Each structure stands twice: as structure tokens, then as C-alpha cells.
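This is entry-v7.cif (mmCIF, C-alpha atoms).
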data_structure
loop_
_atom_site.group_PDB
_atom_site.id
_atom_site.type_symbol
_atom_site.label_atom_id
_atom_site.label_comp_id
_atom_site.auth_asym_id
_atom_site.auth_seq_id
_atom_site.Cartn_x
_atom_site.Cartn_y
_atom_site.Cartn_z
ATOM 1 C CA MET A 244 78.560 80.486 -79.161
ATOM 2 C CA ALA A 245 82.114 79.153 -79.038
ATOM 3 C CA LEU A 246 82.914 77.327 -75.835
ATOM 4 C CA PRO A 247 85.824 78.819 -73.867
ATOM 5 C CA GLN A 248 88.980 76.812 -73.318
ATOM 6 C CA SER A 249 88.386 75.260 -69.934
ATOM 7 C CA GLU A 250 91.767 73.769 -69.034
ATOM 8 C CA THR A 251 94.741 75.846 -67.904
ATOM 9 C CA ARG A 252 98.260 75.824 -69.289
ATOM 10 C CA LEU A 253 99.377 73.841 -66.232
ATOM 11 C CA PHE A 254 97.038 70.992 -67.154
ATOM 12 C CA LEU A 255 98.318 70.975 -70.739
ATOM 13 C CA GLN A 256 101.880 70.694 -69.400
ATOM 14 C CA LEU A 257 101.113 67.550 -67.386
ATOM 15 C CA ALA A 258 102.341 64.169 -68.558
ATOM 16 C CA PRO A 259 99.724 62.533 -70.812
ATOM 17 C CA ALA A 260 99.262 59.649 -68.362
ATOM 18 C CA LYS A 261 98.402 62.055 -65.529
ATOM 19 C CA GLN A 262 96.055 64.037 -67.749
ATOM 20 C CA GLN A 263 94.239 60.843 -68.662
ATOM 21 C CA ARG A 264 94.044 59.732 -65.033
ATOM 22 C CA ILE A 265 92.315 62.989 -64.095
ATOM 23 C CA LEU A 266 89.967 62.804 -67.062
ATOM 24 C CA ASN A 267 89.103 59.169 -66.359
ATOM 25 C CA ALA A 268 88.218 60.054 -62.763
ATOM 26 C CA ALA A 269 86.046 62.947 -63.959
ATOM 27 C CA ILE A 270 84.317 60.822 -66.604
ATOM 28 C CA GLN A 271 83.515 58.138 -64.051
ATOM 29 C CA GLU A 272 82.076 60.682 -61.598
ATOM 30 C CA PHE A 273 80.013 62.657 -64.121
ATOM 31 C CA ALA A 274 78.663 59.443 -65.629
ATOM 32 C CA ALA A 275 77.595 58.063 -62.263
ATOM 33 C CA LYS A 276 76.256 61.251 -60.656
ATOM 34 C CA GLY A 277 75.514 63.717 -63.419
ATOM 35 C CA TYR A 278 76.867 67.250 -63.327
ATOM 36 C CA GLY A 279 74.922 68.666 -60.398
ATOM 37 C CA ASN A 280 75.579 65.783 -58.015
ATOM 38 C CA ALA A 281 79.172 65.117 -59.064
ATOM 39 C CA SER A 282 81.721 65.544 -56.291
ATOM 40 C CA LEU A 283 85.148 67.007 -56.996
ATOM 41 C CA ASN A 284 86.298 65.388 -53.770
ATOM 42 C CA ARG A 285 85.650 61.974 -55.295
ATOM 43 C CA VAL A 286 87.351 63.047 -58.522
ATOM 44 C CA VAL A 287 90.579 64.072 -56.791
ATOM 45 C CA GLN A 288 90.530 60.955 -54.615
ATOM 46 C CA GLU A 289 90.194 58.707 -57.678
ATOM 47 C CA ALA A 290 92.770 60.729 -59.645
ATOM 48 C CA ARG A 291 95.201 60.699 -56.693
ATOM 49 C CA ILE A 292 95.771 64.456 -56.713
ATOM 50 C CA SER A 293 94.981 67.241 -54.239
ATOM 51 C CA LYS A 294 91.939 69.425 -54.644
ATOM 52 C CA GLY A 295 94.203 72.453 -54.795
ATOM 53 C CA SER A 296 96.010 70.917 -57.752
ATOM 54 C CA LEU A 297 92.719 70.304 -59.539
ATOM 55 C CA PHE A 298 91.877 74.004 -59.292
ATOM 56 C CA THR A 299 95.214 74.914 -60.862
ATOM 57 C CA TYR A 300 94.277 72.714 -63.838
ATOM 58 C CA PHE A 301 90.635 73.836 -64.090
ATOM 59 C CA ARG A 302 89.156 77.029 -62.700
ATOM 60 C CA ASN A 303 85.986 75.285 -61.556
ATOM 61 C CA LYS A 304 83.781 72.233 -61.919
ATOM 62 C CA SER A 305 82.225 73.671 -65.072
ATOM 63 C CA GLY A 306 85.650 73.858 -66.706
ATOM 64 C CA LEU A 307 86.369 70.211 -65.960
ATOM 65 C CA PHE A 308 82.997 69.139 -67.365
ATOM 66 C CA THR A 309 83.503 71.226 -70.509
ATOM 67 C CA LEU A 310 86.776 69.453 -71.277
ATOM 68 C CA VAL A 311 85.117 66.062 -70.709
ATOM 69 C CA TYR A 312 82.358 67.074 -73.124
ATOM 70 C CA ARG A 313 84.822 68.241 -75.791
ATOM 71 C CA MET A 314 86.755 64.990 -75.471
ATOM 72 C CA THR A 315 83.525 62.963 -75.749
ATOM 73 C CA LEU A 316 82.447 64.799 -78.895
ATOM 74 C CA GLU A 317 85.878 64.350 -80.452
ATOM 75 C CA ARG A 318 85.821 60.598 -79.818
ATOM 76 C CA VAL A 319 82.362 60.328 -81.377
ATOM 77 C CA LYS A 320 83.572 62.291 -84.399
ATOM 78 C CA ASN A 321 86.577 59.987 -84.717
ATOM 79 C CA TYR A 322 84.261 56.969 -84.809
ATOM 80 C CA LEU A 323 82.123 58.601 -87.499
ATOM 81 C CA ARG A 324 85.146 59.682 -89.538
ATOM 82 C CA ALA A 325 86.477 56.127 -89.455
ATOM 83 C CA VAL A 326 83.155 54.760 -90.730
ATOM 84 C CA ARG A 327 82.961 57.433 -93.423
ATOM 85 C CA ASP A 328 86.530 56.936 -94.621
ATOM 86 C CA ASN A 329 86.371 53.135 -94.554
ATOM 87 C CA SER A 330 83.073 52.898 -96.422
ATOM 88 C CA LEU A 331 83.619 55.221 -99.366
ATOM 89 C CA ASP A 332 83.039 52.427 -101.875
ATOM 90 C CA ASP A 333 79.882 51.131 -100.167
ATOM 91 C CA ASP A 334 76.334 52.065 -101.089
ATOM 92 C CA PHE A 335 74.334 54.396 -98.868
ATOM 93 C CA PHE A 336 72.441 51.701 -96.967
ATOM 94 C CA THR A 337 75.564 49.665 -96.251
ATOM 95 C CA ARG A 338 77.114 52.807 -94.833
ATOM 96 C CA LEU A 339 74.095 53.284 -92.566
ATOM 97 C CA GLU A 340 74.539 49.726 -91.295
ATOM 98 C CA LYS A 341 78.162 50.440 -90.498
ATOM 99 C CA ILE A 342 77.242 53.657 -88.685
ATOM 100 C CA LEU A 343 74.817 51.772 -86.448
ATOM 101 C CA ARG A 344 77.404 49.095 -85.709
ATOM 102 C CA ALA A 345 79.957 51.789 -84.890
ATOM 103 C CA GLY A 346 77.456 53.425 -82.542
ATOM 104 C CA VAL A 347 76.821 50.160 -80.725
ATOM 105 C CA GLN A 348 80.562 49.575 -80.513
ATOM 106 C CA PHE A 349 81.126 53.081 -79.125
ATOM 107 C CA ILE A 350 78.579 52.462 -76.356
ATOM 108 C CA THR A 351 80.240 49.121 -75.605
ATOM 109 C CA ASP A 352 83.744 50.604 -75.559
ATOM 110 C CA HIS A 353 82.842 53.859 -73.781
ATOM 111 C CA PRO A 354 79.772 53.257 -71.572
ATOM 112 C CA HIS A 355 80.625 56.171 -69.268
ATOM 113 C CA LEU A 356 80.859 58.640 -72.155
ATOM 114 C CA ALA A 357 77.514 57.394 -73.456
ATOM 115 C CA GLN A 358 76.030 57.868 -69.977
ATOM 116 C CA ILE A 359 77.314 61.450 -69.839
ATOM 117 C CA TYR A 360 75.783 62.153 -73.251
ATOM 118 C CA TYR A 361 72.347 60.895 -72.255
ATOM 119 C CA ARG A 362 72.483 62.651 -68.882
ATOM 120 C CA LEU A 363 73.283 65.836 -70.775
ATOM 121 C CA ILE A 364 70.130 65.402 -72.850
ATOM 122 C CA TYR A 365 67.727 64.495 -70.052
ATOM 123 C CA THR A 366 68.886 66.115 -66.809
ATOM 124 C CA GLY A 367 69.386 69.702 -67.922
ATOM 125 C CA ASP A 368 71.817 70.575 -65.115
ATOM 126 C CA ALA A 369 75.055 70.874 -67.097
ATOM 127 C CA PRO A 370 76.703 74.205 -67.941
ATOM 128 C CA TYR A 371 76.462 75.256 -71.593
ATOM 129 C CA GLN A 372 73.835 72.553 -72.125
ATOM 130 C CA LYS A 373 72.117 74.370 -74.998
ATOM 131 C CA GLU A 374 75.444 74.986 -76.705
ATOM 132 C CA PHE A 375 76.491 71.359 -76.209
ATOM 133 C CA LEU A 376 73.255 69.998 -77.672
ATOM 134 C CA LYS A 377 73.302 72.388 -80.629
ATOM 135 C CA ASP A 378 76.868 71.301 -81.310
ATOM 136 C CA ILE A 379 75.956 67.602 -81.175
ATOM 137 C CA HIS A 380 72.846 67.952 -83.341
ATOM 138 C CA ARG A 381 74.637 70.106 -85.919
ATOM 139 C CA GLU A 382 77.458 67.581 -86.220
ATOM 140 C CA SER A 383 74.956 64.724 -86.553
ATOM 141 C CA LEU A 384 72.829 66.405 -89.219
ATOM 142 C CA ASP A 385 75.812 67.694 -91.216
ATOM 143 C CA PHE A 386 77.310 64.213 -91.236
ATOM 144 C CA MET A 387 74.037 62.595 -92.318
ATOM 145 C CA GLU A 388 73.336 65.195 -94.999
ATOM 146 C CA SER A 389 76.757 64.589 -96.531
ATOM 147 C CA LEU A 390 76.068 60.840 -96.736
ATOM 148 C CA ILE A 391 72.636 61.416 -98.282
ATOM 149 C CA GLU A 392 74.058 63.818 -100.874
ATOM 150 C CA ILE A 393 76.586 61.193 -101.937
ATOM 151 C CA GLY A 394 73.797 58.603 -102.117
ATOM 152 C CA MET A 395 71.756 60.940 -104.318
ATOM 153 C CA ALA A 396 74.718 61.639 -106.593
ATOM 154 C CA ARG A 397 75.190 57.874 -107.038
ATOM 155 C CA ASN A 398 71.462 57.366 -107.790
ATOM 156 C CA GLN A 399 71.085 55.193 -104.688
ATOM 157 C CA ILE A 400 68.477 57.498 -103.122
ATOM 158 C CA ARG A 401 65.545 59.398 -104.646
ATOM 159 C CA ALA A 402 66.655 62.804 -105.840
ATOM 160 C CA ASP A 403 63.309 64.441 -104.969
ATOM 161 C CA ILE A 404 63.432 63.996 -101.192
ATOM 162 C CA ASP A 405 64.014 66.991 -98.948
ATOM 163 C CA LEU A 406 67.597 66.733 -97.707
ATOM 164 C CA PRO A 407 67.233 68.318 -94.229
ATOM 165 C CA THR A 408 64.062 66.336 -93.524
ATOM 166 C CA ALA A 409 65.641 63.053 -94.584
ATOM 167 C CA ALA A 410 68.755 63.746 -92.513
ATOM 168 C CA PHE A 411 66.628 64.614 -89.465
ATOM 169 C CA ILE A 412 64.482 61.471 -89.735
ATOM 170 C CA ILE A 413 67.407 59.097 -90.262
ATOM 171 C CA ALA A 414 69.557 60.680 -87.547
ATOM 172 C CA SER A 415 66.616 60.595 -85.118
ATOM 173 C CA VAL A 416 65.948 56.895 -85.719
ATOM 174 C CA LEU A 417 69.632 56.016 -85.370
ATOM 175 C CA ASP A 418 69.926 58.030 -82.158
ATOM 176 C CA ARG A 419 66.786 56.414 -80.680
ATOM 177 C CA PHE A 420 68.081 52.956 -81.591
ATOM 178 C CA LEU A 421 71.383 53.615 -79.828
ATOM 179 C CA GLN A 422 69.623 55.175 -76.849
ATOM 180 C CA SER A 423 67.459 52.061 -76.482
ATOM 181 C CA HIS A 424 70.556 49.913 -76.772
ATOM 182 C CA HIS A 425 72.144 51.875 -73.927
ATOM 183 C CA PHE A 426 69.189 52.268 -71.563
ATOM 184 C CA ARG A 427 67.558 49.053 -70.504
ATOM 185 C CA PHE A 428 64.606 50.797 -68.865
ATOM 186 C CA THR A 429 63.505 52.519 -72.086
ATOM 187 C CA ASN A 430 63.073 49.432 -74.231
ATOM 188 C CA THR A 431 60.989 46.866 -72.397
ATOM 189 C CA ALA A 432 59.286 45.938 -75.660
ATOM 190 C CA CYS A 433 62.289 45.466 -77.943
ATOM 191 C CA LYS A 434 64.758 44.549 -75.159
ATOM 192 C CA LEU A 435 67.722 46.066 -76.966
ATOM 193 C CA GLY A 436 69.576 46.646 -73.720
ATOM 194 C CA ASP A 437 69.754 42.888 -73.186
ATOM 195 C CA ALA A 438 70.218 41.988 -76.841
ATOM 196 C CA THR A 439 72.914 39.538 -77.861
ATOM 197 C CA PRO A 440 75.255 40.571 -80.695
ATOM 198 C CA ALA A 441 73.212 38.415 -83.074
ATOM 199 C CA GLN A 442 69.953 40.065 -81.957
ATOM 200 C CA THR A 443 71.487 43.521 -82.293
ATOM 201 C CA GLU A 444 72.633 42.667 -85.803
ATOM 202 C CA CYS A 445 69.106 41.530 -86.665
ATOM 203 C CA TRP A 446 67.714 44.842 -85.407
ATOM 204 C CA ILE A 447 70.233 46.778 -87.474
ATOM 205 C CA LYS A 448 69.274 44.830 -90.598
ATOM 206 C CA ASN A 449 65.573 45.452 -89.945
ATOM 207 C CA VAL A 450 66.066 49.202 -89.433
ATOM 208 C CA ILE A 451 68.049 49.523 -92.650
ATOM 209 C CA ASP A 452 65.509 47.376 -94.501
ATOM 210 C CA ILE A 453 62.708 49.788 -93.558
ATOM 211 C CA PHE A 454 64.786 52.776 -94.654
ATOM 212 C CA LYS A 455 65.629 51.069 -97.929
ATOM 213 C CA TYR A 456 62.218 49.754 -98.940
ATOM 214 C CA GLY A 457 59.860 52.044 -97.004
ATOM 215 C CA LEU A 458 56.457 51.207 -95.566
ATOM 216 C CA LEU A 459 54.312 51.073 -98.710
ATOM 217 C CA ASN A 460 53.756 47.658 -100.277
ATOM 218 C CA SER A 461 54.682 47.211 -103.920
ATOM 219 C CA ILE A 462 51.134 47.789 -105.167
ATOM 220 C CA ASP A 463 50.738 50.953 -103.138
ATOM 221 C CA SER A 464 54.181 52.122 -104.214
ATOM 222 C CA ALA A 465 53.239 51.761 -107.874
ATOM 223 C CA ARG A 466 49.902 53.490 -107.236
ATOM 224 C CA HIS A 467 51.693 56.295 -105.401
ATOM 225 C CA GLY A 468 53.927 56.781 -108.435
ATOM 226 C CA GLU A 469 50.932 56.993 -110.726
ATOM 227 C CA VAL A 470 49.308 59.599 -108.470
ATOM 228 C CA ASN A 471 52.454 61.684 -108.560
ATOM 229 C CA LYS A 472 52.550 61.474 -112.337
ATOM 230 C CA THR A 473 48.906 62.558 -112.543
ATOM 231 C CA ASP A 474 49.518 65.474 -110.186
ATOM 232 C CA ALA A 475 52.514 66.549 -112.230
ATOM 233 C CA GLN A 476 50.386 66.630 -115.374
#
Using the file provided, produce a representation of the structure as C-alpha cells.
Amino acid sequence: MALPQSETRLFLQLAPAKQQRILNAAIQEFAAKGYGNASLNRVVQEARISKGSLFTYFRNKSGLFTLVYRMTLERVKNYLRAVRDNSLDDDFFTRLEKILRAGVQFITDHPHLAQIYYRLIYTGDAPYQKEFLKDIHRESLDFMESLIEIGMARNQIRADIDLPTAAFIIASVLDRFLQSHHFRFTNTACKLGDATPAQTECWIKNVIDIFKYGLLNSIDSARHGEVNKTDAQ
């Protein structure tokens, strides 16, 4: 389902600075309160506009939230595009490292957008939630599958792995890592929310190391290969 355009022509005709002021006020409110508890009164007070004006720019609260979501997704995509385009000559695992670093940097640079994203996942009170989440997951898996395909073509990854499964597993681990980095209360064991940059970098290296070398030890890996050869015969 394609999401409807939520902003009116009057909003699009505003000066960019005023548009951004309204969006910043909305982002701050939705991040702090979620969709259901967000107050448009606080939004207009922070944006320094009248409530009547807000309703000439957006038909309702749902419309304002939809634009915030679209802007959030576009900023995430821009981060991913930058990593993809700036790492074309790197091997697959180096690219994964850079994706994780970019994710951490996005959370650092845009904590309110990250908060909106995680509220969207866990609260379930936002309009078009199913459509939003399908959109996010599709973008994530498509992006990861494209990286894996390039890694396979360059003989950096096993050619016999199932592409959708690999993309799902890797994307899930990366998302959980970034979620733990954002939410302090979810990671009492690894303490990623309080991690220093050096500790975060160590975690990134360890995650990539496990992806690269797997969980089997060298003896078991060799034995596993022999079993596969026997089965094939």
C-alpha cells in the first residue's frame, strides 16, 4: 500500500527554515511521547505557529506523523547510500563494519529519529504502522541482499548460502546491535548504551569477526566439509 501524501500544498510553499522548524517540533514531540500521547498543542507552541495554521499544512495528526516517518526513512536511506557508495572497493566484511559504524553515528546524530523508529516498532499506536514496518524491513533486506550478492560475485562469501536467509540473519543482528546501543535498559549485560567509542568499536569488530569466521572451530569446520562431501556423493 502506497502511503498518501500527507502535507498540503501550503506547507510545501513555506520557506525551508519554517518547514524545518515545524518538523523539528513534531520530531521532538513524537520522540518524547509517542504517537498516541503526542500533543499538537505542544508542537505548535514549539514551532511558534498557530494550531489553525498547522491544520492548513496537515489535515490531521496522522498526516504530520506520516511526513516525519517519510523524512526519517529518507535520512536512513541516505546514510546507507553513502556507506554503499563510499565502500565499493572494500570487501564484504569491511562494508558491514562501516554499516554498523554508520548506524551508531545515525543514532548519535539523530537520537529523536531513532526514538521514533523504536517507538513505532514497540508501541503499535501509530497510523499505517504495518505499512511503515513493511517498508523499513523491505528496504533493509533489499539493501543487505545486494551487498551479499556482490560479496558472492567477488568470492568473498560462500556461494551456496541461501540469500534471503543470510540477509535476514545479518540484518537482524545489526538491528539488534543498534537497538541495544540506543536503549540502555535492554542491554544490562553488554552495556552498549553506556559504551565508549572504543568499546563500541570493539563490539563492532567482534560482531563482524563472528560473521566472518562463524561458530565452528577449525577442526569442526573441516569435519563439516567432509560430511558435506560425503552427502554429495
Subject >> Residue neighbourhood A:Ile412, 12 Å, only C-alpha atoms, exclusion window fewer than 6 positions, as a PyMOL selection string >> reply: chain A and resi 383-384+387-388+391+404-406+418-419+454
**OP:** Would you kindly return, as number ranges by chain, each protein, DNA or RNA residue with an atom no farther than 12 Å from any atom of stretch 348-355 of chain A, considering all atoms listed in the file and excluding same-chain residues fewer than 4 positions away?
**Re:** A: 266-277, 311-312, 314-316, 318-323, 326, 341-344, 359-362, 418, 420-426, 436, 440, 443-444
Subject >> One-decimal distance in Å that lies between atom CA of A:Gln358 and atom CA of A:Phe386 >> reply: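 For atom CA of A:Phe386 relative to atom CA of A:Gln358, the distance reads 22.2 Å.
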A:Phe375 environment, 9 Å, all atoms listed in the file, sequence neighbours closer than 5 positions dropped, as a compact mmCIF listing (two decimals) with C-alpha atoms, in the coordinates of the input:
# COMPACT_ATOMS: atom_id res chain seq x y z
CA LEU A 246 82.91 77.33 -75.83
CA TYR A 312 82.36 67.07 -73.12
CA ARG A 313 84.82 68.24 -75.79
CA LEU A 363 73.28 65.84 -70.78
CA PRO A 370 76.70 74.20 -67.94
CA HIS A 380 72.85 67.95 -83.34
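Across the model, the gap from atom CA of A:Arg338 to atom CA of A:Ala402 is 18.2 Å.
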**OP:** Can you work out which one of A:Ile451, A:Ile364, A:Ala357, A:Ala410 has the shortest atom-to-atom distance to A:Phe336, counting all atoms listed in the file?
**Re:**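 Checking each of A:Ile451, A:Ile364, A:Ala357, A:Ala410 against A:Phe336, counting all atoms listed in the file, the winner is A:Ile451.
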**OP:** Carefully work through the PyMOL selection byres ((chain A and resi 290) around 8) for this structure and note down the residues it includes, as a list of chain:residue names.
**Re:**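 Residues picked by the PyMOL selection byres ((chain A and resi 290) around 8): A:Arg264, A:Ile265, A:Asn267, A:Ala268, A:Val286, A:Val287, A:Gln288, A:Glu289, A:Arg291, A:Ile292.
In this comparison, which uses all atoms listed in the file, the residue of A:Glu340, A:Asp328, A:Asp403, A:Asp378 approaching A:Ile447 most closely is A:Glu340.
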Original post:
If the PyMOL selection byres ((chain A and resi 302) around 12) is run on the structure shown, which residues does it catch, given as a list in words?
Top reply: Pro247, Gln248, Ser249, Glu250, Thr251, Arg252, Leu253, Phe254, Lys294, Gly295, Ser296, Leu297, Phe298, Thr299, Tyr300, Phe301, Asn303, Lys304, Ser305, Gly306, Leu307, Phe308, Thr309 and Leu310 of chain A
Box centre and edge lengths (Å, one decimal), axis-aligned, stretch 294-302 of chain A plus 3 Å each side, as JSON:
{"center_x": 92.6, "center_y": 73.2, "center_z": -59.4, "size_x": 12.9, "size_y": 13.6, "size_z": 15.4}
Original post:
So how many Å separate atom CA of A:Arg401 and atom CA of A:Ala345, to one decimal?
Top reply: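 A separation of 25.6 Å between them.
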Original post:
In terms of the shortest atom-to-atom distance over all atoms listed in the file, which of A:Arg285, A:Tyr278, A:Asn449, A:Arg327 is closest to A:Gln372?
Top reply: A:Tyr278
